[in-house]
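This is data-v6.pdb. It holds PDB, C-alpha atoms, pLDDT in the B column.
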MODEL        1
ATOM      1  CA  ALA Z   1      62.084  87.732  30.017  1.00 85.00           C
ATOM      2  CA  GLN Z   2      58.651  86.502  29.105  1.00 90.00           C
ATOM      3  CA  THR Z   3      57.412  83.078  30.156  1.00 95.00           C
ATOM      4  CA  VAL Z   4      54.386  80.958  29.303  1.00 97.00           C
ATOM      5  CA  THR Z   5      53.001  78.395  31.733  1.00 97.00           C
ATOM      6  CA  GLN Z   6      50.569  75.574  31.029  1.00 97.00           C
ATOM      7  CA  SER Z   7      49.841  73.854  34.306  1.00 97.00           C
ATOM      8  CA  GLN Z   8      47.783  70.953  32.928  1.00 97.00           C
ATOM      9  CA  PRO Z   9      50.002  68.321  31.297  1.00 97.00           C
ATOM     10  CA  GLU Z  10      46.955  66.229  30.383  1.00 98.00           C
ATOM     11  CA  MET Z  11      43.215  66.757  30.130  1.00 98.00           C
ATOM     12  CA  SER Z  12      40.369  64.563  28.989  1.00 98.00           C
ATOM     13  CA  VAL Z  13      36.828  65.268  27.825  1.00 98.00           C
ATOM     14  CA  GLN Z  14      33.833  63.319  26.655  1.00 98.00           C
ATOM     15  CA  GLU Z  15      32.741  63.787  23.075  1.00 98.00           C
ATOM     16  CA  ALA Z  16      30.238  66.682  22.715  1.00 98.00           C
ATOM     17  CA  GLU Z  17      31.233  68.136  26.093  1.00 98.00           C
ATOM     18  CA  THR Z  18      33.173  71.322  26.819  1.00 98.00           C
ATOM     19  CA  VAL Z  19      36.733  71.548  28.088  1.00 98.00           C
ATOM     20  CA  THR Z  20      38.929  74.466  29.108  1.00 98.00           C
ATOM     21  CA  LEU Z  21      42.713  74.509  28.817  1.00 98.00           C
ATOM     22  CA  SER Z  22      44.635  76.946  31.004  1.00 98.00           C
ATOM     23  CA  CYS Z  23      47.522  79.217  30.136  1.00 98.00           C
ATOM     24  CA  THR Z  24      49.213  81.973  32.087  1.00 98.00           C
ATOM     25  CA  TYR Z  25      52.073  84.169  31.013  1.00 98.00           C
ATOM     26  CA  ASP Z  26      54.433  86.673  32.486  1.00 97.00           C
ATOM     27  CA  THR Z  27      55.519  89.848  30.744  1.00 96.00           C
ATOM     28  CA  SER Z  28      56.217  93.490  31.421  1.00 94.00           C
ATOM     29  CA  GLU Z  29      55.116  94.492  27.921  1.00 93.00           C
ATOM     30  CA  SER Z  30      51.749  96.046  27.205  1.00 91.00           C
ATOM     31  CA  ASP Z  31      51.492  95.064  23.548  1.00 93.00           C
ATOM     32  CA  TYR Z  32      51.780  91.444  22.486  1.00 95.00           C
ATOM     33  CA  TYR Z  33      49.956  88.593  20.792  1.00 96.00           C
ATOM     34  CA  LEU Z  34      48.758  85.301  22.180  1.00 97.00           C
ATOM     35  CA  PHE Z  35      48.074  82.106  20.287  1.00 97.00           C
ATOM     36  CA  TRP Z  36      46.822  78.592  20.742  1.00 98.00           C
ATOM     37  CA  TYR Z  37      48.319  75.957  18.472  1.00 98.00           C
ATOM     38  CA  LYS Z  38      47.197  72.374  18.020  1.00 98.00           C
ATOM     39  CA  GLN Z  39      49.621  69.532  17.286  1.00 98.00           C
ATOM     40  CA  PRO Z  40      47.983  66.240  16.265  1.00 97.00           C
ATOM     41  CA  PRO Z  41      49.987  62.997  16.064  1.00 94.00           C
ATOM     42  CA  SER Z  42      51.109  64.015  12.570  1.00 94.00           C
ATOM     43  CA  ARG Z  43      53.335  66.585  14.336  1.00 94.00           C
ATOM     44  CA  GLN Z  44      51.976  69.406  12.191  1.00 95.00           C
ATOM     45  CA  MET Z  45      51.545  72.694  14.070  1.00 97.00           C
ATOM     46  CA  ILE Z  46      48.121  74.201  13.374  1.00 96.00           C
ATOM     47  CA  LEU Z  47      46.951  77.628  14.512  1.00 97.00           C
ATOM     48  CA  VAL Z  48      43.706  77.398  16.477  1.00 98.00           C
ATOM     49  CA  ILE Z  49      43.125  80.978  17.552  1.00 97.00           C
ATOM     50  CA  ARG Z  50      44.920  84.276  18.120  1.00 96.00           C
ATOM     51  CA  GLN Z  51      44.355  87.239  20.425  1.00 96.00           C
ATOM     52  CA  GLU Z  52      45.788  90.734  20.242  1.00 94.00           C
ATOM     53  CA  ALA Z  53      46.488  92.127  23.692  1.00 94.00           C
ATOM     54  CA  TYR Z  54      45.070  95.547  22.808  1.00 92.00           C
ATOM     55  CA  LYS Z  55      41.690  93.993  22.025  1.00 91.00           C
ATOM     56  CA  GLN Z  56      39.405  93.528  25.001  1.00 87.00           C
ATOM     57  CA  GLN Z  57      36.998  91.295  23.137  1.00 93.00           C
ATOM     58  CA  ASN Z  58      37.745  87.601  23.425  1.00 95.00           C
ATOM     59  CA  ALA Z  59      38.568  85.858  20.152  1.00 94.00           C
ATOM     60  CA  THR Z  60      36.350  83.059  18.854  1.00 95.00           C
ATOM     61  CA  GLU Z  61      36.729  80.607  15.989  1.00 94.00           C
ATOM     62  CA  ASN Z  62      33.734  78.326  15.600  1.00 96.00           C
ATOM     63  CA  ARG Z  63      33.853  75.889  18.564  1.00 97.00           C
ATOM     64  CA  PHE Z  64      37.005  77.475  19.967  1.00 98.00           C
ATOM     65  CA  SER Z  65      37.001  80.554  22.150  1.00 97.00           C
ATOM     66  CA  VAL Z  66      39.374  82.182  24.602  1.00 98.00           C
ATOM     67  CA  ASN Z  67      39.026  83.881  27.934  1.00 97.00           C
ATOM     68  CA  PHE Z  68      41.639  86.629  27.877  1.00 97.00           C
ATOM     69  CA  GLN Z  69      42.245  88.329  31.220  1.00 96.00           C
ATOM     70  CA  LYS Z  70      45.029  90.847  30.614  1.00 96.00           C
ATOM     71  CA  ALA Z  71      45.385  92.028  34.189  1.00 95.00           C
ATOM     72  CA  ALA Z  72      45.618  88.458  35.444  1.00 96.00           C
ATOM     73  CA  LYS Z  73      47.852  87.476  32.490  1.00 97.00           C
ATOM     74  CA  SER Z  74      45.628  84.534  31.753  1.00 97.00           C
ATOM     75  CA  PHE Z  75      44.648  83.126  28.357  1.00 98.00           C
ATOM     76  CA  SER Z  76      42.502  79.996  28.523  1.00 98.00           C
ATOM     77  CA  LEU Z  77      41.080  78.056  25.577  1.00 98.00           C
ATOM     78  CA  LYS Z  78      37.553  76.686  25.643  1.00 98.00           C
ATOM     79  CA  ILE Z  79      36.586  73.923  23.249  1.00 98.00           C
ATOM     80  CA  SER Z  80      32.838  73.411  22.930  1.00 98.00           C
ATOM     81  CA  ASP Z  81      31.088  70.346  21.523  1.00 98.00           C
ATOM     82  CA  SER Z  82      34.367  68.402  21.616  1.00 98.00           C
ATOM     83  CA  GLN Z  83      35.042  66.048  18.732  1.00 98.00           C
ATOM     84  CA  LEU Z  84      37.328  63.051  18.420  1.00 97.00           C
ATOM     85  CA  GLY Z  85      39.462  65.052  15.996  1.00 97.00           C
ATOM     86  CA  ASP Z  86      40.199  67.579  18.727  1.00 98.00           C
ATOM     87  CA  ALA Z  87      42.473  65.067  20.431  1.00 98.00           C
ATOM     88  CA  ALA Z  88      45.963  66.541  20.211  1.00 98.00           C
ATOM     89  CA  MET Z  89      48.667  68.447  22.024  1.00 98.00           C
ATOM     90  CA  TYR Z  90      47.735  72.090  22.570  1.00 98.00           C
ATOM     91  CA  PHE Z  91      50.333  74.803  22.973  1.00 98.00           C
ATOM     92  CA  CYS Z  92      49.856  78.319  24.249  1.00 98.00           C
ATOM     93  CA  ALA Z  93      52.244  80.891  22.755  1.00 97.00           C
ATOM     94  CA  TYR Z  94      53.270  84.505  23.336  1.00 97.00           C
ATOM     95  CA  ARG Z  95      54.690  86.833  20.717  1.00 95.00           C
ATOM     96  CA  SER Z  96      56.392  90.050  21.764  1.00 92.00           C
ATOM     97  CA  ASP Z  97      55.326  93.122  19.821  1.00 90.00           C
ATOM     98  CA  ASN Z  98      58.700  94.640  20.670  1.00 89.00           C
ATOM     99  CA  THR Z  99      61.099  91.873  19.593  1.00 88.00           C
ATOM    100  CA  ASP Z 100      58.772  89.478  17.717  1.00 90.00           C
ATOM    101  CA  LYS Z 101      60.238  86.669  19.772  1.00 93.00           C
ATOM    102  CA  LEU Z 102      57.720  83.796  19.900  1.00 95.00           C
ATOM    103  CA  ILE Z 103      57.756  81.499  22.932  1.00 96.00           C
ATOM    104  CA  PHE Z 104      55.635  78.513  23.887  1.00 97.00           C
ATOM    105  CA  GLY Z 105      54.349  76.768  26.955  1.00 97.00           C
ATOM    106  CA  THR Z 106      55.001  73.101  27.701  1.00 97.00           C
ATOM    107  CA  GLY Z 107      51.709  71.958  26.224  1.00 97.00           C
ATOM    108  CA  THR Z 108      48.535  70.149  27.313  1.00 98.00           C
ATOM    109  CA  ARG Z 109      47.666  66.755  25.865  1.00 98.00           C
ATOM    110  CA  LEU Z 110      43.917  66.537  25.284  1.00 98.00           C
ATOM    111  CA  GLN Z 111      42.188  63.183  25.051  1.00 98.00           C
ATOM    112  CA  VAL Z 112      38.632  62.941  23.744  1.00 98.00           C
ATOM    113  CA  PHE Z 113      36.566  59.903  24.701  1.00 97.00           C
ATOM    114  CA  PRO Z 114      33.533  58.700  22.743  1.00 96.00           C
TER     115      PRO Z 114
ATOM    116  CA  ASP H   1      52.978  74.066   6.167  1.00 47.00           C
ATOM    117  CA  ALA H   2      52.766  75.323   2.619  1.00 66.00           C
ATOM    118  CA  GLY H   3      55.668  77.599   1.742  1.00 94.00           C
ATOM    119  CA  ILE H   4      58.120  76.314   4.322  1.00 97.00           C
ATOM    120  CA  THR H   5      60.145  73.135   4.182  1.00 97.00           C
ATOM    121  CA  GLN H   6      62.776  71.542   6.370  1.00 98.00           C
ATOM    122  CA  SER H   7      65.570  69.240   5.310  1.00 97.00           C
ATOM    123  CA  PRO H   8      66.435  66.604   6.114  1.00 97.00           C
ATOM    124  CA  ARG H   9      63.286  65.184   7.707  1.00 97.00           C
ATOM    125  CA  HIS H  10      65.206  62.531   9.595  1.00 98.00           C
ATOM    126  CA  LYS H  11      68.867  62.267  10.482  1.00 98.00           C
ATOM    127  CA  VAL H  12      71.014  59.994  12.600  1.00 98.00           C
ATOM    128  CA  THR H  13      74.476  61.252  13.420  1.00 97.00           C
ATOM    129  CA  GLU H  14      77.349  60.390  15.706  1.00 97.00           C
ATOM    130  CA  THR H  15      78.407  62.278  18.788  1.00 98.00           C
ATOM    131  CA  GLY H  16      80.966  64.950  18.011  1.00 97.00           C
ATOM    132  CA  THR H  17      80.066  65.440  14.364  1.00 97.00           C
ATOM    133  CA  PRO H  18      78.757  68.739  12.971  1.00 96.00           C
ATOM    134  CA  VAL H  19      75.183  68.801  11.720  1.00 97.00           C
ATOM    135  CA  THR H  20      73.305  71.425   9.704  1.00 98.00           C
ATOM    136  CA  LEU H  21      69.545  71.572   9.387  1.00 98.00           C
ATOM    137  CA  ARG H  22      68.015  73.690   6.671  1.00 98.00           C
ATOM    138  CA  CYS H  23      64.795  75.669   6.648  1.00 98.00           C
ATOM    139  CA  HIS H  24      63.605  77.078   3.336  1.00 98.00           C
ATOM    140  CA  GLN H  25      60.621  79.375   2.772  1.00 98.00           C
ATOM    141  CA  THR H  26      59.054  80.749  -0.369  1.00 97.00           C
ATOM    142  CA  GLU H  27      56.812  83.394   1.249  1.00 95.00           C
ATOM    143  CA  ASN H  28      59.383  86.170   1.694  1.00 95.00           C
ATOM    144  CA  HIS H  29      58.573  86.326   5.411  1.00 96.00           C
ATOM    145  CA  ARG H  30      60.885  88.475   7.498  1.00 96.00           C
ATOM    146  CA  TYR H  31      60.949  86.403  10.678  1.00 97.00           C
ATOM    147  CA  MET H  32      62.195  82.852  11.033  1.00 98.00           C
ATOM    148  CA  TYR H  33      62.558  80.677  14.115  1.00 98.00           C
ATOM    149  CA  TRP H  34      64.202  77.439  15.199  1.00 98.00           C
ATOM    150  CA  TYR H  35      62.727  75.368  18.028  1.00 98.00           C
ATOM    151  CA  ARG H  36      63.384  72.022  19.590  1.00 98.00           C
ATOM    152  CA  GLN H  37      60.550  69.890  20.947  1.00 98.00           C
ATOM    153  CA  ASP H  38      61.123  67.459  23.788  1.00 96.00           C
ATOM    154  CA  PRO H  39      58.572  65.614  25.967  1.00 92.00           C
ATOM    155  CA  GLY H  40      57.646  67.689  28.976  1.00 90.00           C
ATOM    156  CA  HIS H  41      59.341  70.809  27.638  1.00 94.00           C
ATOM    157  CA  GLY H  42      57.090  71.855  24.803  1.00 94.00           C
ATOM    158  CA  LEU H  43      58.732  73.944  22.106  1.00 97.00           C
ATOM    159  CA  ARG H  44      61.817  75.812  23.214  1.00 97.00           C
ATOM    160  CA  LEU H  45      63.229  78.629  21.142  1.00 97.00           C
ATOM    161  CA  ILE H  46      66.822  78.100  20.020  1.00 98.00           C
ATOM    162  CA  HIS H  47      67.451  81.105  17.777  1.00 98.00           C
ATOM    163  CA  TYR H  48      65.389  83.404  15.666  1.00 97.00           C
ATOM    164  CA  SER H  49      65.996  85.842  12.830  1.00 97.00           C
ATOM    165  CA  TYR H  50      64.379  89.197  12.118  1.00 95.00           C
ATOM    166  CA  GLY H  51      66.062  89.752   8.771  1.00 94.00           C
ATOM    167  CA  VAL H  52      68.994  88.777   6.610  1.00 95.00           C
ATOM    168  CA  LYS H  53      72.073  88.496   8.801  1.00 93.00           C
ATOM    169  CA  ASP H  54      69.997  89.594  11.850  1.00 95.00           C
ATOM    170  CA  THR H  55      69.633  86.879  14.460  1.00 96.00           C
ATOM    171  CA  ASP H  56      69.155  86.612  18.190  1.00 96.00           C
ATOM    172  CA  LYS H  57      69.392  83.908  20.810  1.00 96.00           C
ATOM    173  CA  GLY H  58      66.493  82.068  22.320  1.00 95.00           C
ATOM    174  CA  GLU H  59      66.249  80.242  25.641  1.00 93.00           C
ATOM    175  CA  VAL H  60      68.320  77.171  24.677  1.00 96.00           C
ATOM    176  CA  SER H  61      70.967  78.492  22.299  1.00 96.00           C
ATOM    177  CA  ASP H  62      74.063  76.853  23.824  1.00 96.00           C
ATOM    178  CA  GLY H  63      75.639  74.418  21.356  1.00 96.00           C
ATOM    179  CA  TYR H  64      73.744  75.862  18.386  1.00 98.00           C
ATOM    180  CA  SER H  65      74.529  78.498  15.808  1.00 97.00           C
ATOM    181  CA  VAL H  66      72.454  79.907  12.959  1.00 98.00           C
ATOM    182  CA  SER H  67      72.960  81.771   9.749  1.00 97.00           C
ATOM    183  CA  ARG H  68      70.654  83.653   7.423  1.00 97.00           C
ATOM    184  CA  SER H  69      72.404  84.897   4.319  1.00 96.00           C
ATOM    185  CA  LYS H  70      69.209  84.996   2.254  1.00 96.00           C
ATOM    186  CA  THR H  71      65.621  85.773   3.187  1.00 97.00           C
ATOM    187  CA  GLU H  72      64.473  82.314   2.209  1.00 97.00           C
ATOM    188  CA  ASP H  73      67.025  80.194   4.084  1.00 98.00           C
ATOM    189  CA  PHE H  74      67.660  79.815   7.807  1.00 98.00           C
ATOM    190  CA  LEU H  75      70.305  77.272   8.770  1.00 98.00           C
ATOM    191  CA  LEU H  76      70.746  75.686  12.181  1.00 98.00           C
ATOM    192  CA  THR H  77      74.146  74.164  12.948  1.00 98.00           C
ATOM    193  CA  LEU H  78      75.156  71.885  15.777  1.00 97.00           C
ATOM    194  CA  GLU H  79      78.905  72.399  15.860  1.00 94.00           C
ATOM    195  CA  SER H  80      79.616  69.161  17.717  1.00 97.00           C
ATOM    196  CA  ALA H  81      76.500  67.082  18.256  1.00 97.00           C
ATOM    197  CA  THR H  82      75.797  65.589  21.687  1.00 98.00           C
ATOM    198  CA  SER H  83      73.215  63.038  22.790  1.00 97.00           C
ATOM    199  CA  SER H  84      71.333  65.796  24.649  1.00 97.00           C
ATOM    200  CA  GLN H  85      70.613  67.377  21.270  1.00 98.00           C
ATOM    201  CA  THR H  86      68.560  64.386  20.173  1.00 98.00           C
ATOM    202  CA  SER H  87      65.188  65.998  19.552  1.00 98.00           C
ATOM    203  CA  VAL H  88      62.600  67.047  17.013  1.00 98.00           C
ATOM    204  CA  TYR H  89      63.486  70.398  15.484  1.00 98.00           C
ATOM    205  CA  PHE H  90      60.923  72.783  14.051  1.00 98.00           C
ATOM    206  CA  CYS H  91      61.416  75.799  11.878  1.00 98.00           C
ATOM    207  CA  ALA H  92      58.802  78.539  11.584  1.00 98.00           C
ATOM    208  CA  MET H  93      58.285  81.741   9.620  1.00 97.00           C
ATOM    209  CA  GLY H  94      56.113  84.794  10.063  1.00 95.00           C
ATOM    210  CA  GLU H  95      55.527  88.433   9.427  1.00 92.00           C
ATOM    211  CA  ARG H  96      55.158  91.248  11.917  1.00 85.00           C
ATOM    212  CA  ASN H  97      52.090  90.912  14.086  1.00 78.00           C
ATOM    213  CA  THR H  98      50.974  87.599  12.554  1.00 85.00           C
ATOM    214  CA  GLU H  99      50.975  84.014  13.596  1.00 92.00           C
ATOM    215  CA  ALA H 100      53.903  81.763  12.727  1.00 95.00           C
ATOM    216  CA  PHE H 101      53.736  79.015  10.119  1.00 96.00           C
ATOM    217  CA  PHE H 102      55.648  75.840  10.812  1.00 97.00           C
ATOM    218  CA  GLY H 103      57.648  73.334   8.845  1.00 97.00           C
ATOM    219  CA  GLN H 104      57.080  69.614   9.173  1.00 96.00           C
ATOM    220  CA  GLY H 105      59.876  69.060  11.688  1.00 97.00           C
ATOM    221  CA  THR H 106      63.183  67.193  11.608  1.00 98.00           C
ATOM    222  CA  ARG H 107      63.829  64.236  13.862  1.00 98.00           C
ATOM    223  CA  LEU H 108      67.506  64.233  14.831  1.00 98.00           C
ATOM    224  CA  THR H 109      69.093  61.334  16.683  1.00 98.00           C
ATOM    225  CA  VAL H 110      72.620  61.637  18.037  1.00 98.00           C
ATOM    226  CA  VAL H 111      74.191  58.256  18.854  1.00 97.00           C
TER     227      VAL H 111
ENDMDL
END

The structure given in the file should be rewritten as structure tokens.
Amino acid sequence: AQTVTQSQPEMSVQEAETVTLSCTYDTSESDYYLFWYKQPPSRQMILVIRQEAYKQQNATENRFSVNFQKAAKSFSLKISDSQLGDAAMYFCAYRSDNTDKLIFGTGTRLQVFP
Amino acid sequence: DAGITQSPRHKVTETGTPVTLRCHQTENHRYMYWYRQDPGHGLRLIHYSYGVKDTDKGEVSDGYSVSRSKTEDFLLTLESATSSQTSVYFCAMGERNTEAFFGQGTRLTVV
């Protein structure tokens, strides 16, 4: 069975600085999808970025980028020029290309200080 | 998210009573998921569906059942609610090889 691990329950960053959130996963599959979701206090789940495992190039979305290391089964999220609105819970997720089962890590709470 | 709604949004129920949560989507997405969110545990998959009448268990399925008789509706039933099932429940939908889109969540309290 696949698992997703987020080893940082909480992180903090100064406004305008850069922060990296860690995620590792375990799978025996070769094809899958990885995601980072953001959950602000409103509880809404918002997609931040996605990565297809067959793509070697790291995904980027404006200030958000990932470092995808397939061999190491690592998928970290880098947030550049952090803003107060980035404060939220961040979840790493894995979607099987075989079963389409979607599983999540335990989350990292990010605080942004002015 | 647009196109997916959960009902009710809040519910308080007594231990031992059956409870059904409803997830309704208007996007004709094939896949639907039920999760529970608890502090320190993130989102844990309860059940998911890959088509009408096609469902499979997730990591925390004990005490829960689901049904999907129509593409647009995915029901989660707690046959006999317990205090350990107090949680926030999220429904999600998606298509093959895409991200999932989430409902607003349902806060369930079992007293």

With all atoms listed in the file as the counted atoms, please give the residues lying no more than 9 Å from region 80-88 of chain H, apart from itself and same-chain residues fewer than 4 positions off, as a PyMOL selection string.
chain H and resi 13-19+35-38+63-64+105-111

Chain H residues near chain Z (7 Å cut-off, all atoms listed in the file) as a ChimeraX atom specification
/H:40-45,97,102,104

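When CA of Thr98 (chain H) is paired with CA of Lys55 (chain Z), their separation reads 14.7 Å.
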
What is the distance between CA of Tyr33 (chain H) and CA of Asp26 (chain Z), in Å to one decimal?
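It comes out at 21.0 Å.
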
Pick from H:Val66, H:Val12, H:Cys23, H:Cys91: nearest to Glu79 (chain H), with all atoms listed in the file counted?
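Result for the nearest residue to Glu79 (chain H): H:Val66.
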
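For the file at hand, the PyMOL selection byres ((chain H and resi 22) around 10) resolves to Thr5, Gln6, Ser7, Pro8, Arg9, Thr20, Leu21, Cys23, His24, Val66, Ser67, Asp73, Phe74, Leu75, Leu76, Thr77, Cys91 and Thr106 of chain H.
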
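Going from CA of Ser49 (chain H) over to CA of Cys23 (chain Z), you cover 26.2 Å.
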
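For the point (37.7, 83.8, 29.3) in file coordinates, the residues within 10 Å, using all atoms listed in the file, are Z:Thr20, Z:Ser22, Z:Gln57, Z:Asn58, Z:Ala59, Z:Ser65, Z:Val66, Z:Asn67, Z:Phe68, Z:Gln69, Z:Ser74, Z:Phe75, Z:Ser76, Z:Leu77, Z:Lys78.
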
Under the PyMOL selection byres ((chain Z and resi 80-84) around 12), which residues of this model are included? Write them out as a count of residues only.
30

Given the PyMOL selection byres ((chain H and resi 29) around 9), the residues it picks as a list in words
Gln25, Thr26, Glu27, Asn28, Arg30, Tyr31, Met32, Gly51, Thr71, Glu72, Met93, Gly94, Glu95 and Arg96 of chain H

Output the selection as a compact mmCIF listing (two decimals), keeping the file's coordinate frame - C-alpha atoms for each residue.
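The resulting file, part.txt, is shown below:
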# COMPACT_ATOMS: atom_id res chain seq x y z
CA GLN H 25 60.62 79.38 2.77
CA THR H 26 59.05 80.75 -0.37
CA GLU H 27 56.81 83.39 1.25
CA ASN H 28 59.38 86.17 1.69
CA ARG H 30 60.88 88.48 7.50
CA TYR H 31 60.95 86.40 10.68
CA MET H 32 62.20 82.85 11.03
CA GLY H 51 66.06 89.75 8.77
CA THR H 71 65.62 85.77 3.19
CA GLU H 72 64.47 82.31 2.21
CA MET H 93 58.28 81.74 9.62
CA GLY H 94 56.11 84.79 10.06
CA GLU H 95 55.53 88.43 9.43
CA ARG H 96 55.16 91.25 11.92

Where is the centre and how long are the edges: axis-aligned box on region 63-80 of chain H, 6 Å on each side, Å to one decimal, as AutoDock Vina command-line options:
--center_x 72.0 --center_y 77.5 --center_z 11.8 --size_x 27.1 --size_y 28.6 --size_z 31.1

Could you complete region 28-44 of chain Z so that it carries N, CA and C atoms, and give it back as an mmCIF file, keeping the file's coordinate frame?
data_model
loop_
_atom_site.group_PDB
_atom_site.id
_atom_site.type_symbol
_atom_site.label_atom_id
_atom_site.label_comp_id
_atom_site.auth_asym_id
_atom_site.auth_seq_id
_atom_site.Cartn_x
_atom_site.Cartn_y
_atom_site.Cartn_z
ATOM 1 N N SER Z 28 56.310 92.095 31.003
ATOM 2 C CA SER Z 28 56.217 93.490 31.421
ATOM 3 C C SER Z 28 55.767 94.366 30.255
ATOM 4 N N GLU Z 29 55.542 93.753 29.097
ATOM 5 C CA GLU Z 29 55.116 94.492 27.921
ATOM 6 C C GLU Z 29 53.610 94.733 27.963
ATOM 7 N N SER Z 30 53.182 95.768 27.262
ATOM 8 C CA SER Z 30 51.749 96.046 27.205
ATOM 9 C C SER Z 30 51.146 95.606 25.878
ATOM 10 N N ASP Z 31 51.982 95.494 24.868
ATOM 11 C CA ASP Z 31 51.492 95.064 23.548
ATOM 12 C C ASP Z 31 52.125 93.729 23.186
ATOM 13 N N TYR Z 32 51.290 92.772 22.835
ATOM 14 C CA TYR Z 32 51.780 91.444 22.486
ATOM 15 C C TYR Z 32 50.634 90.665 21.852
ATOM 16 N N TYR Z 33 50.943 89.461 21.422
ATOM 17 C CA TYR Z 33 49.956 88.593 20.792
ATOM 18 C C TYR Z 33 50.008 87.228 21.478
ATOM 19 N N LEU Z 34 48.864 86.625 21.566
ATOM 20 C CA LEU Z 34 48.758 85.301 22.180
ATOM 21 C C LEU Z 34 48.118 84.343 21.188
ATOM 22 N N PHE Z 35 48.555 83.100 21.233
ATOM 23 C CA PHE Z 35 48.074 82.106 20.287
ATOM 24 C C PHE Z 35 47.840 80.778 20.995
ATOM 25 N N TRP Z 36 46.945 80.012 20.419
ATOM 26 C CA TRP Z 36 46.822 78.592 20.742
ATOM 27 C C TRP Z 36 47.084 77.814 19.457
ATOM 28 N N TYR Z 37 48.003 76.849 19.573
ATOM 29 C CA TYR Z 37 48.319 75.957 18.472
ATOM 30 C C TYR Z 37 47.924 74.537 18.854
ATOM 31 N N LYS Z 38 47.539 73.783 17.850
ATOM 32 C CA LYS Z 38 47.197 72.374 18.020
ATOM 33 C C LYS Z 38 48.235 71.536 17.287
ATOM 34 N N GLN Z 39 48.682 70.452 17.933
ATOM 35 C CA GLN Z 39 49.621 69.532 17.286
ATOM 36 C C GLN Z 39 49.059 68.112 17.365
ATOM 37 N N PRO Z 40 48.465 67.632 16.291
ATOM 38 C CA PRO Z 40 47.983 66.240 16.265
ATOM 39 C C PRO Z 40 49.156 65.279 16.143
ATOM 40 N N PRO Z 41 48.895 63.979 16.168
ATOM 41 C CA PRO Z 41 49.987 62.997 16.064
ATOM 42 C C PRO Z 41 50.846 63.159 14.812
ATOM 43 N N SER Z 42 50.319 63.789 13.790
ATOM 44 C CA SER Z 42 51.109 64.015 12.570
ATOM 45 C C SER Z 42 52.277 64.976 12.806
ATOM 46 N N ARG Z 43 52.292 65.631 13.928
ATOM 47 C CA ARG Z 43 53.335 66.585 14.336
ATOM 48 C C ARG Z 43 53.165 67.964 13.701
ATOM 49 N N GLN Z 44 52.206 68.112 12.828
ATOM 50 C CA GLN Z 44 51.976 69.406 12.191
ATOM 51 C C GLN Z 44 51.481 70.411 13.214
#
